[in-house]
>>> print(open('entry-v9.json').read())   # JSON, C-alpha atoms and all ligand atoms
[["chain", "number", "residue", "atom", "x", "y", "z"],
["C", 13, "MET", "CA", 38.44, -199.14, -95.01],
["C", 14, "VAL", "CA", 38.68, -201.98, -92.52],
["C", 15, "TYR", "CA", 36.13, -204.15, -94.30],
["C", 16, "THR", "CA", 38.10, -203.89, -97.55],
["C", 17, "LEU", "CA", 41.20, -205.00, -95.65],
["C", 18, "LEU", "CA", 39.34, -208.04, -94.31],
["C", 19, "SER", "CA", 37.84, -208.98, -97.67],
["C", 20, "GLU", "CA", 41.09, -208.57, -99.55],
["C", 21, "ALA", "CA", 42.97, -210.62, -96.98],
["C", 22, "ARG", "CA", 40.36, -213.35, -97.27],
["C", 23, "ALA", "CA", 40.55, -213.30, -101.07],
["C", 24, "ALA", "CA", 44.34, -213.66, -100.85],
["C", 25, "GLY", "CA", 44.21, -216.45, -98.27],
["C", 26, "LYS", "CA", 45.89, -214.29, -95.67],
["C", 27, "LYS", "CA", 44.94, -215.30, -92.13],
["C", 28, "MET", "CA", 44.70, -212.57, -89.53],
["C", 29, "LEU", "CA", 45.25, -212.10, -85.82],
["C", 30, "ALA", "CA", 43.04, -209.75, -83.84],
["C", 31, "VAL", "CA", 43.80, -208.86, -80.24],
["C", 32, "LEU", "CA", 40.84, -207.94, -78.07],
["C", 33, "ILE", "CA", 41.45, -205.25, -75.48],
["C", 34, "ASP", "CA", 38.97, -204.80, -72.68],
["C", 35, "PRO", "CA", 39.35, -201.12, -71.68],
["C", 36, "ASP", "CA", 38.55, -201.99, -68.06],
["C", 37, "LYS", "CA", 41.60, -204.23, -67.89],
["C", 38, "ALA", "CA", 43.95, -202.14, -70.01],
["C", 39, "ARG", "CA", 47.19, -200.80, -68.54],
["C", 40, "ARG", "CA", 49.42, -198.22, -70.11],
["C", 41, "GLU", "CA", 52.49, -200.53, -70.32],
["C", 42, "ASN", "CA", 50.46, -203.36, -71.79],
["C", 43, "LEU", "CA", 48.99, -201.09, -74.47],
["C", 44, "GLN", "CA", 52.44, -199.91, -75.45],
["C", 45, "GLN", "CA", 53.74, -203.49, -75.67],
["C", 46, "LEU", "CA", 50.80, -204.53, -77.84],
["C", 47, "ALA", "CA", 51.31, -201.48, -80.07],
["C", 48, "ASP", "CA", 54.99, -202.43, -80.45],
["C", 49, "TYR", "CA", 54.00, -205.95, -81.54],
["C", 50, "ALA", "CA", 51.50, -204.48, -84.00],
["C", 51, "ASN", "CA", 54.04, -202.03, -85.42],
["C", 52, "ALA", "CA", 56.36, -204.99, -85.94],
["C", 53, "GLY", "CA", 53.63, -206.64, -88.07],
["C", 54, "GLN", "CA", 52.53, -209.22, -85.51],
["C", 55, "VAL", "CA", 48.96, -208.01, -84.90],
["C", 56, "ASP", "CA", 46.61, -207.31, -87.80],
["C", 57, "LEU", "CA", 43.80, -205.60, -85.96],
["C", 58, "PHE", "CA", 42.67, -204.61, -82.48],
["C", 59, "LEU", "CA", 39.17, -205.10, -81.15],
["C", 60, "TRP", "CA", 38.21, -202.69, -78.40],
["C", 61, "GLY", "CA", 35.36, -203.42, -76.00],
["C", 62, "GLY", "CA", 34.10, -205.35, -73.01],
["C", 63, "SER", "CA", 31.04, -206.42, -71.11],
["C", 64, "LEU", "CA", 30.97, -203.46, -68.75],
["C", 65, "VAL", "CA", 33.58, -200.75, -69.49],
["C", 66, "ASN", "CA", 33.46, -198.65, -66.34],
["C", 67, "ALA", "CA", 36.99, -197.32, -66.56],
["C", 68, "PRO", "CA", 36.80, -193.53, -66.76],
["C", 69, "GLN", "CA", 40.07, -193.57, -68.69],
["C", 70, "ALA", "CA", 38.73, -195.77, -71.53],
["C", 71, "GLU", "CA", 38.63, -192.89, -74.01],
["C", 72, "TYR", "CA", 42.09, -191.79, -73.03],
["C", 73, "TYR", "CA", 43.44, -195.33, -73.39],
["C", 74, "LEU", "CA", 41.99, -195.58, -76.87],
["C", 75, "LYS", "CA", 43.66, -192.30, -77.77],
["C", 76, "LEU", "CA", 46.93, -193.61, -76.36],
["C", 77, "LEU", "CA", 46.69, -196.84, -78.33],
["C", 78, "LYS", "CA", 45.78, -195.04, -81.55],
["C", 79, "SER", "CA", 48.67, -192.63, -81.17],
["C", 80, "SER", "CA", 51.12, -195.53, -80.65],
["C", 81, "LEU", "CA", 50.02, -197.44, -83.74],
["C", 82, "GLU", "CA", 51.53, -196.88, -87.17],
["C", 83, "ALA", "CA", 48.85, -198.54, -89.29],
["C", 84, "THR", "CA", 47.00, -201.27, -87.40],
["C", 85, "PRO", "CA", 43.26, -200.52, -87.23],
["C", 86, "VAL", "CA", 41.28, -200.44, -83.99],
["C", 87, "VAL", "CA", 37.72, -201.67, -84.31],
["C", 88, "LEU", "CA", 34.99, -201.24, -81.71],
["C", 89, "PHE", "CA", 33.47, -204.46, -80.40],
["C", 90, "PRO", "CA", 30.89, -202.89, -78.14],
["C", 91, "GLY", "CA", 29.36, -204.70, -75.19],
["C", 92, "SER", "CA", 26.84, -201.90, -74.83],
["C", 93, "VAL", "CA", 25.56, -198.75, -76.51],
["C", 94, "TYR", "CA", 27.82, -196.71, -74.22],
["C", 95, "GLN", "CA", 30.93, -197.97, -75.95],
["C", 96, "LEU", "CA", 30.79, -195.90, -79.12],
["C", 97, "ASP", "CA", 33.88, -193.81, -79.72],
["C", 98, "GLY", "CA", 34.68, -191.91, -82.91],
["C", 99, "GLN", "CA", 38.42, -192.36, -82.42],
["C", 100, "ALA", "CA", 38.17, -195.96, -83.64],
["C", 101, "ASP", "CA", 38.61, -196.89, -87.27],
["C", 102, "ALA", "CA", 35.43, -198.95, -87.53],
["C", 103, "LEU", "CA", 32.57, -200.42, -85.55],
["C", 104, "LEU", "CA", 31.36, -204.00, -85.54],
["C", 105, "LEU", "CA", 27.63, -203.37, -85.66],
["C", 106, "LEU", "CA", 26.69, -206.57, -83.90],
["C", 107, "SER", "CA", 23.45, -208.42, -84.30],
["C", 108, "LEU", "CA", 23.33, -211.35, -81.86],
["C", 109, "ILE", "CA", 21.74, -213.74, -84.32],
["C", 110, "SER", "CA", 22.29, -216.88, -82.24],
["C", 111, "GLY", "CA", 20.02, -215.37, -79.58],
["C", 112, "ARG", "CA", 16.40, -214.45, -79.43],
["C", 113, "ASN", "CA", 16.75, -211.23, -77.52],
["C", 114, "PRO", "CA", 15.11, -208.56, -79.72],
["C", 115, "GLU", "CA", 17.07, -205.78, -78.01],
["C", 116, "LEU", "CA", 20.31, -207.25, -79.35],
["C", 117, "LEU", "CA", 18.88, -208.01, -82.76],
["C", 118, "ILE", "CA", 17.46, -204.53, -83.47],
["C", 119, "GLY", "CA", 16.38, -202.65, -80.32],
["C", 120, "LYS", "CA", 19.75, -201.20, -79.26],
["C", 121, "HIS", "CA", 20.57, -200.45, -82.89],
["C", 122, "VAL", "CA", 17.55, -198.17, -83.14],
["C", 123, "GLN", "CA", 18.62, -196.36, -79.98],
["C", 124, "VAL", "CA", 22.08, -195.51, -81.31],
["C", 125, "ALA", "CA", 21.47, -195.29, -85.09],
["C", 126, "GLY", "CA", 21.49, -191.46, -85.04],
["C", 127, "ARG", "CA", 24.60, -191.36, -82.90],
["C", 128, "ILE", "CA", 26.47, -193.73, -85.21],
["C", 129, "LYS", "CA", 25.48, -191.57, -88.18],
["C", 130, "LEU", "CA", 26.87, -188.49, -86.42],
["C", 131, "LEU", "CA", 30.11, -190.27, -85.53],
["C", 132, "ASP", "CA", 30.60, -190.94, -89.23],
["C", 133, "ILE", "CA", 32.45, -194.17, -88.45],
["C", 134, "GLU", "CA", 32.77, -197.17, -90.79],
["C", 135, "THR", "CA", 30.20, -199.75, -89.68],
["C", 136, "ILE", "CA", 30.55, -203.45, -90.40],
["C", 137, "PRO", "CA", 27.19, -205.26, -90.10],
["C", 138, "THR", "CA", 28.16, -208.36, -88.17],
["C", 139, "GLY", "CA", 26.28, -211.57, -87.48],
["C", 140, "TYR", "CA", 27.40, -212.49, -83.97],
["C", 141, "LEU", "CA", 27.03, -216.15, -82.96],
["C", 142, "LEU", "CA", 27.53, -217.14, -79.39],
["C", 143, "VAL", "CA", 28.54, -220.78, -78.99],
["C", 144, "ASP", "CA", 28.64, -222.80, -75.77],
["C", 145, "GLY", "CA", 32.24, -222.87, -74.52],
["C", 146, "GLY", "CA", 31.70, -225.11, -71.51],
["C", 147, "ARG", "CA", 30.55, -222.61, -68.93],
["C", 148, "PRO", "CA", 28.45, -219.44, -68.72],
["C", 149, "THR", "CA", 30.43, -216.41, -69.86],
["C", 150, "SER", "CA", 29.94, -212.68, -69.35],
["C", 151, "VAL", "CA", 28.39, -212.36, -72.78],
["C", 152, "SER", "CA", 25.86, -215.18, -72.31],
["C", 153, "TYR", "CA", 24.84, -213.75, -68.94],
["C", 154, "MET", "CA", 24.77, -210.09, -70.00],
["C", 155, "SER", "CA", 22.98, -210.78, -73.28],
["C", 156, "ASN", "CA", 20.43, -213.04, -71.63],
["C", 157, "THR", "CA", 20.69, -215.46, -74.54],
["C", 158, "THR", "CA", 21.35, -219.17, -74.86],
["C", 159, "PRO", "CA", 24.50, -220.06, -76.80],
["C", 160, "ILE", "CA", 24.35, -222.55, -79.66],
["C", 161, "PRO", "CA", 25.29, -226.02, -78.32],
["C", 162, "ALA", "CA", 28.87, -226.81, -79.36],
["C", 163, "ASP", "CA", 27.86, -230.18, -80.80],
["C", 164, "LYS", "CA", 25.32, -228.70, -83.22],
["C", 165, "PRO", "CA", 27.32, -227.43, -86.24],
["C", 166, "PRO", "CA", 24.25, -227.50, -88.53],
["C", 167, "ILE", "CA", 22.49, -224.95, -86.29],
["C", 168, "ALA", "CA", 25.51, -222.66, -86.40],
["C", 169, "ALA", "CA", 25.73, -223.05, -90.20],
["C", 170, "ALA", "CA", 22.02, -222.30, -90.71],
["C", 171, "THR", "CA", 22.26, -219.28, -88.39],
["C", 172, "ALA", "CA", 25.25, -217.88, -90.27],
["C", 173, "LEU", "CA", 23.54, -218.52, -93.60],
["C", 174, "ALA", "CA", 20.43, -216.67, -92.44],
["C", 175, "GLY", "CA", 22.66, -213.79, -91.37],
["C", 176, "ALA", "CA", 24.27, -213.69, -94.81],
["C", 177, "GLN", "CA", 20.85, -213.78, -96.47],
["C", 178, "LEU", "CA", 19.81, -210.82, -94.32],
["C", 179, "GLY", "CA", 22.77, -208.89, -95.71],
["C", 180, "LEU", "CA", 25.21, -209.08, -92.81],
["C", 181, "LYS", "CA", 28.78, -208.68, -94.04],
["C", 182, "LEU", "CA", 30.84, -210.58, -91.49],
["C", 183, "ILE", "CA", 30.30, -213.57, -89.22],
["C", 184, "TYR", "CA", 31.83, -213.62, -85.74],
["C", 185, "MET", "CA", 31.62, -216.94, -83.90],
["C", 186, "ASP", "CA", 32.42, -216.49, -80.23],
["C", 187, "ALA", "CA", 32.64, -218.97, -77.38],
["C", 188, "GLY", "CA", 32.81, -215.94, -75.07],
["C", 189, "SER", "CA", 35.76, -214.43, -73.32],
["C", 190, "GLY", "CA", 37.52, -216.93, -71.07],
["C", 191, "ALA", "CA", 35.61, -219.89, -72.51],
["C", 192, "GLN", "CA", 36.84, -223.26, -71.24],
["C", 193, "GLN", "CA", 36.62, -224.74, -74.71],
["C", 194, "PRO", "CA", 37.11, -222.84, -77.97],
["C", 195, "ILE", "CA", 34.65, -223.36, -80.82],
["C", 196, "PRO", "CA", 35.10, -226.88, -82.23],
["C", 197, "PRO", "CA", 36.78, -226.98, -85.66],
["C", 198, "THR", "CA", 33.88, -229.04, -87.03],
["C", 199, "MET", "CA", 31.49, -226.19, -86.30],
["C", 200, "ILE", "CA", 33.82, -223.59, -87.82],
["C", 201, "HIS", "CA", 34.14, -225.79, -90.90],
["C", 202, "ALA", "CA", 30.36, -226.15, -91.20],
["C", 203, "VAL", "CA", 29.90, -222.37, -91.14],
["C", 204, "ARG", "CA", 32.79, -221.87, -93.58],
["C", 205, "GLN", "CA", 31.13, -224.25, -96.03],
["C", 206, "GLU", "CA", 27.85, -222.37, -95.83],
["C", 207, "VAL", "CA", 28.84, -218.70, -96.08],
["C", 208, "ASP", "CA", 31.29, -216.82, -98.25],
["C", 209, "LEU", "CA", 31.94, -213.95, -95.85],
["C", 210, "PRO", "CA", 34.91, -213.02, -93.69],
["C", 211, "LEU", "CA", 34.74, -215.37, -90.71],
["C", 212, "VAL", "CA", 36.05, -214.32, -87.30],
["C", 213, "VAL", "CA", 36.43, -216.82, -84.46],
["C", 214, "GLY", "CA", 37.22, -216.16, -80.81],
["C", 215, "GLY", "CA", 36.75, -217.24, -77.23],
["C", 216, "GLY", "CA", 39.08, -219.54, -75.29],
["C", 217, "ILE", "CA", 41.98, -219.40, -77.76],
["C", 218, "ARG", "CA", 44.88, -219.49, -75.33],
["C", 219, "THR", "CA", 47.49, -221.43, -77.29],
["C", 220, "ALA", "CA", 49.03, -221.20, -80.74],
["C", 221, "ALA", "CA", 47.77, -224.74, -81.40],
["C", 222, "ARG", "CA", 44.16, -223.71, -80.76],
["C", 223, "ALA", "CA", 44.64, -220.73, -83.07],
["C", 224, "ALA", "CA", 45.98, -222.98, -85.82],
["C", 225, "LEU", "CA", 43.04, -225.38, -85.50],
["C", 226, "ALA", "CA", 40.49, -222.57, -85.85],
["C", 227, "LEU", "CA", 42.28, -221.11, -88.88],
["C", 228, "GLU", "CA", 42.68, -224.47, -90.57],
["C", 229, "ALA", "CA", 38.97, -225.13, -90.06],
["C", 230, "GLY", "CA", 38.14, -221.98, -92.02],
["C", 231, "ALA", "CA", 38.40, -218.92, -89.78],
["C", 232, "ASP", "CA", 39.89, -215.92, -91.58],
["C", 233, "MET", "CA", 40.73, -214.11, -88.38],
["C", 234, "ILE", "CA", 41.06, -215.29, -84.83],
["C", 235, "VAL", "CA", 40.52, -213.13, -81.76],
["C", 236, "VAL", "CA", 42.57, -213.50, -78.59],
["C", 237, "GLY", "CA", 41.77, -211.50, -75.46],
["C", 238, "ASN", "CA", 42.08, -213.21, -72.09],
["C", 239, "GLY", "CA", 45.10, -215.28, -73.08],
["C", 240, "LEU", "CA", 47.18, -212.13, -73.68],
["C", 241, "GLU", "CA", 45.91, -210.02, -70.80],
["C", 242, "LYS", "CA", 48.24, -211.40, -68.15],
["C", 243, "ASP", "CA", 51.10, -212.40, -70.38],
["C", 244, "ASN", "CA", 51.64, -211.21, -73.91],
["C", 245, "LYS", "CA", 55.12, -212.66, -74.34],
["C", 246, "TRP", "CA", 53.72, -215.56, -76.35],
["C", 247, "LEU", "CA", 52.25, -213.19, -78.95],
["C", 248, "PRO", "CA", 55.12, -213.73, -81.44],
["C", 249, "GLU", "CA", 54.50, -217.51, -81.27],
["C", 250, "LEU", "CA", 50.80, -216.89, -81.87],
["C", 251, "ALA", "CA", 51.56, -214.54, -84.77],
["C", 252, "ASP", "CA", 53.81, -217.21, -86.30],
["C", 253, "ALA", "CA", 50.99, -219.77, -86.12],
["C", 254, "VAL", "CA", 48.66, -217.33, -87.89],
["C", 255, "ARG", "CA", 51.22, -216.64, -90.64],
["C", 256, "ALA", "CA", 51.86, -220.36, -91.04],
["C", 257, "ALA", "CA", 48.13, -220.92, -91.69],
["C", 258, "THR", "CA", 48.17, -218.42, -94.55],
["C", 259, "THR", "CA", 47.97, -220.00, -97.96],
["C", 260, "ILE", "CA", 49.71, -217.97, -100.58],
["C", 261, "ASP", "CA", 47.52, -217.14, -103.55],
["C", 262, "PRO", "CA", 49.46, -218.40, -106.61],
["C", 263, "LYS", "CA", 48.50, -215.26, -108.57],
["C", 264, "LEU", "CA", 50.03, -213.01, -105.91],
["C", 265, "LYS", "CA", 53.08, -215.23, -105.77],
["C", 266, "ALA", "CA", 53.54, -215.02, -109.54],
["C", 267, "ALA", "CA", 53.22, -211.24, -109.41],
["C", 268, "GLY", "CA", 55.82, -211.14, -106.66],
["C", 269, "THR", "CA", 53.42, -209.51, -104.24],
["C", 270, "GLY", "CA", 53.71, -210.45, -100.60],
["C", 271, "VAL", "CA", 50.29, -211.11, -99.10],
["C", 272, "HIS", "CA", 51.53, -209.49, -95.93],
["C", 273, "ASP", "CA", 51.73, -206.21, -97.82],
["C", 274, "LEU", "CA", 47.95, -206.11, -98.06],
["C", 301, "LIG", "C1", 35.67, -212.74, -76.67],
["C", 301, "LIG", "O1", 36.35, -213.68, -78.73],
["C", 301, "LIG", "C2", 36.76, -212.90, -77.67],
["C", 301, "LIG", "O2", 34.59, -212.04, -77.16],
["C", 301, "LIG", "C3", 38.05, -213.32, -77.05],
["C", 301, "LIG", "O3", 37.91, -214.36, -76.12],
["C", 301, "LIG", "O4", 39.13, -213.50, -74.13],
["C", 301, "LIG", "O5", 38.70, -215.96, -74.40],
["C", 301, "LIG", "O6", 40.35, -214.80, -75.85],
["C", 301, "LIG", "P1", 39.10, -214.69, -75.07]]
>>> encode(input="entry-v9.json", output="structure tokens", more="lines below")
Ligand code: 1GP
Amino acid sequence: MVYTLLSEARAAGKKMLAVLIDPDKARRENLQQLADYANAGQVDLFLWGGSLVNAPQAEYYLKLLKSSLEATPVVLFPGSVYQLDGQADALLLLSLISGRNPELLIGKHVQVAGRIKLLDIETIPTGYLLVDGGRPTSVSYMSNTTPIPADKPPIAAATALAGAQLGLKLIYMDAGSGAQQPIPPTMIHAVRQEVDLPLVVGGGIRTAARAALALEAGADMIVVGNGLEKDNKWLPELADAVRAATTIDPKLKAAGTGVHDL
């Protein structure tokens, strides 16, 4: 189960790297390269989704990716109700709790609840927080919601806490794909202090240094999309930064268990 993997990694202090693939921008060679990195232990999880997803070959590409991967899970990160696909290992069932658009809090969920049940896919109830990353992004425009101002960590913390109190199992803070500025570490830290759930952070992470800052501030997993789309040669450097942020649990160390075996 993907959620068990995330929770156990968090409990062990293992930081994770997720690569977001937008099916509309995917290319066969790129998918194979990313799968090779993952099979070499440099990617912990793939997120699969985008704002539009018009590519007729999206299903085929997902099949291709899945067939190239030895163990790395692929998790749906749907930009719309049309992006459900039973080939994936799990689905982030997103509730856009930073916004006040009822369709993205419950409306769309009602529309596809029966379909999700039929797909029999693991669902991870996710509190999705959109944070201002310096310019409008596809997600802010498409969701018709206002992001949380980047200089208001208490609002982000209260939003995440409310999500946890509602029973959501994971918090995803996103500055939006291609954000100018990633989420400030102070805001990540404020959310980390407030909720004891796996915390995912993405949007505008285009350097290993930005990844390290987000992880040090309390993210359990970072998500990189845009920054790897044109050039994925820096992925090993990024993976190294993620590993370096991992704090080894003394109990695991004493037992001689590598956290990377989780
Ligand atoms: C967007 O968090 C993801 O939803 C990734 O953002 O494409 O900017 O890396 P980037």
>>> closest_residue(input="entry-v9.json", among="C:Asp252, C:Asp186, C:Asp208, C:Asp56", to="ligand LIG 301 (chain C)", atoms="only C-alpha atoms and all ligand atoms")
C:Asp186
>>> closest_residue(input="entry-v9.json", among="C:Ser63, C:Gln123, C:Gln69, C:Thr259", to="ligand LIG 301 (chain C)", atoms="all atoms listed in the file")
C:Ser63
>>> atom_distance(input="entry-v9.json", atom1="atom CA of C:Asn51", atom2="atom CA of C:Leu182")
25.5 Å
>>> atom_distance(input="entry-v9.json", atom1="atom CA of C:Ala52", atom2="atom C3 of ligand LIG 301 (chain C)")
22.0 Å
>>> closest_residue(input="entry-v9.json", among="C:Leu240, C:Ala257, C:Ile167, C:Leu178", to="ligand LIG 301 (chain C)", atoms="all atoms listed in the file")
C:Leu240
>>> residues_near_ligand(input="entry-v9.json", ligand="ligand LIG 301 (chain C)", cutoff="7 Å", atoms="only C-alpha atoms and all ligand atoms", output="number ranges by chain")
C: 32, 186-191, 213-218, 235-239
>>> build_atoms(input="entry-v9.json", residues="stretch 176-206 of chain C", atoms="N, CA and C atoms", output="short mmCIF file (atom, residue, chain, number, x, y, z; two decimals), keeping the file's coordinate frame")
data_model
loop_
_atom_site.label_atom_id
_atom_site.label_comp_id
_atom_site.auth_asym_id
_atom_site.auth_seq_id
_atom_site.Cartn_x
_atom_site.Cartn_y
_atom_site.Cartn_z
N ALA C 176 23.78 -214.11 -93.49
CA ALA C 176 24.27 -213.69 -94.81
C ALA C 176 23.09 -213.30 -95.70
N GLN C 177 22.03 -214.09 -95.63
CA GLN C 177 20.85 -213.78 -96.47
C GLN C 177 20.20 -212.47 -96.06
N LEU C 178 20.35 -212.11 -94.79
CA LEU C 178 19.81 -210.82 -94.32
C LEU C 178 20.71 -209.65 -94.69
N GLY C 179 21.88 -209.96 -95.24
CA GLY C 179 22.77 -208.89 -95.71
C GLY C 179 23.91 -208.55 -94.77
N LEU C 180 24.08 -209.33 -93.71
CA LEU C 180 25.21 -209.08 -92.81
C LEU C 180 26.51 -209.37 -93.57
N LYS C 181 27.56 -208.65 -93.21
CA LYS C 181 28.78 -208.68 -94.04
C LYS C 181 29.92 -209.50 -93.43
N LEU C 182 29.76 -209.86 -92.18
CA LEU C 182 30.84 -210.58 -91.49
C LEU C 182 30.20 -211.48 -90.45
N ILE C 183 30.80 -212.66 -90.25
CA ILE C 183 30.30 -213.57 -89.22
C ILE C 183 31.36 -213.69 -88.14
N TYR C 184 30.92 -213.51 -86.89
CA TYR C 184 31.83 -213.62 -85.74
C TYR C 184 31.27 -214.72 -84.84
N MET C 185 32.02 -215.83 -84.78
CA MET C 185 31.62 -216.94 -83.90
C MET C 185 32.43 -216.82 -82.61
N ASP C 186 31.73 -216.76 -81.50
CA ASP C 186 32.42 -216.49 -80.23
C ASP C 186 31.97 -217.48 -79.16
N ALA C 187 32.97 -218.11 -78.52
CA ALA C 187 32.64 -218.97 -77.38
C ALA C 187 32.58 -218.15 -76.09
N GLY C 188 32.86 -216.84 -76.23
CA GLY C 188 32.81 -215.94 -75.07
C GLY C 188 34.18 -215.83 -74.42
N SER C 189 34.44 -214.66 -73.89
CA SER C 189 35.76 -214.43 -73.32
C SER C 189 36.01 -215.35 -72.13
N GLY C 190 37.17 -216.01 -72.15
CA GLY C 190 37.52 -216.93 -71.07
C GLY C 190 36.82 -218.28 -71.17
N ALA C 191 36.30 -218.59 -72.34
CA ALA C 191 35.61 -219.89 -72.51
C ALA C 191 36.56 -221.04 -72.16
N GLN C 192 36.01 -222.09 -71.55
CA GLN C 192 36.84 -223.26 -71.24
C GLN C 192 37.30 -223.92 -72.53
N GLN C 193 36.35 -224.08 -73.43
CA GLN C 193 36.62 -224.74 -74.71
C GLN C 193 36.42 -223.75 -75.85
N PRO C 194 37.36 -223.69 -76.80
CA PRO C 194 37.11 -222.84 -77.97
C PRO C 194 36.06 -223.49 -78.88
N ILE C 195 35.66 -222.81 -79.89
CA ILE C 195 34.65 -223.36 -80.82
C ILE C 195 35.25 -224.56 -81.55
N PRO C 196 34.53 -225.69 -81.58
CA PRO C 196 35.10 -226.88 -82.23
C PRO C 196 35.36 -226.64 -83.73
N PRO C 197 36.48 -227.15 -84.24
CA PRO C 197 36.78 -226.98 -85.66
C PRO C 197 35.66 -227.47 -86.58
N THR C 198 34.96 -228.54 -86.17
CA THR C 198 33.88 -229.04 -87.03
C THR C 198 32.79 -227.99 -87.22
N MET C 199 32.53 -227.24 -86.18
CA MET C 199 31.49 -226.19 -86.30
C MET C 199 31.98 -225.03 -87.17
N ILE C 200 33.25 -224.66 -86.99
CA ILE C 200 33.82 -223.59 -87.82
C ILE C 200 33.76 -224.01 -89.29
N HIS C 201 34.13 -225.27 -89.53
CA HIS C 201 34.14 -225.79 -90.90
C HIS C 201 32.73 -225.75 -91.51
N ALA C 202 31.75 -226.12 -90.70
CA ALA C 202 30.36 -226.15 -91.20
C ALA C 202 29.90 -224.75 -91.60
N VAL C 203 30.27 -223.75 -90.82
CA VAL C 203 29.90 -222.37 -91.14
C VAL C 203 30.67 -221.90 -92.38
N ARG C 204 31.96 -222.25 -92.43
CA ARG C 204 32.79 -221.87 -93.58
C ARG C 204 32.21 -222.39 -94.89
N GLN C 205 31.70 -223.63 -94.83
CA GLN C 205 31.13 -224.25 -96.03
C GLN C 205 29.86 -223.53 -96.49
N GLU C 206 29.17 -222.92 -95.53
CA GLU C 206 27.85 -222.37 -95.83
C GLU C 206 27.89 -220.91 -96.27
#
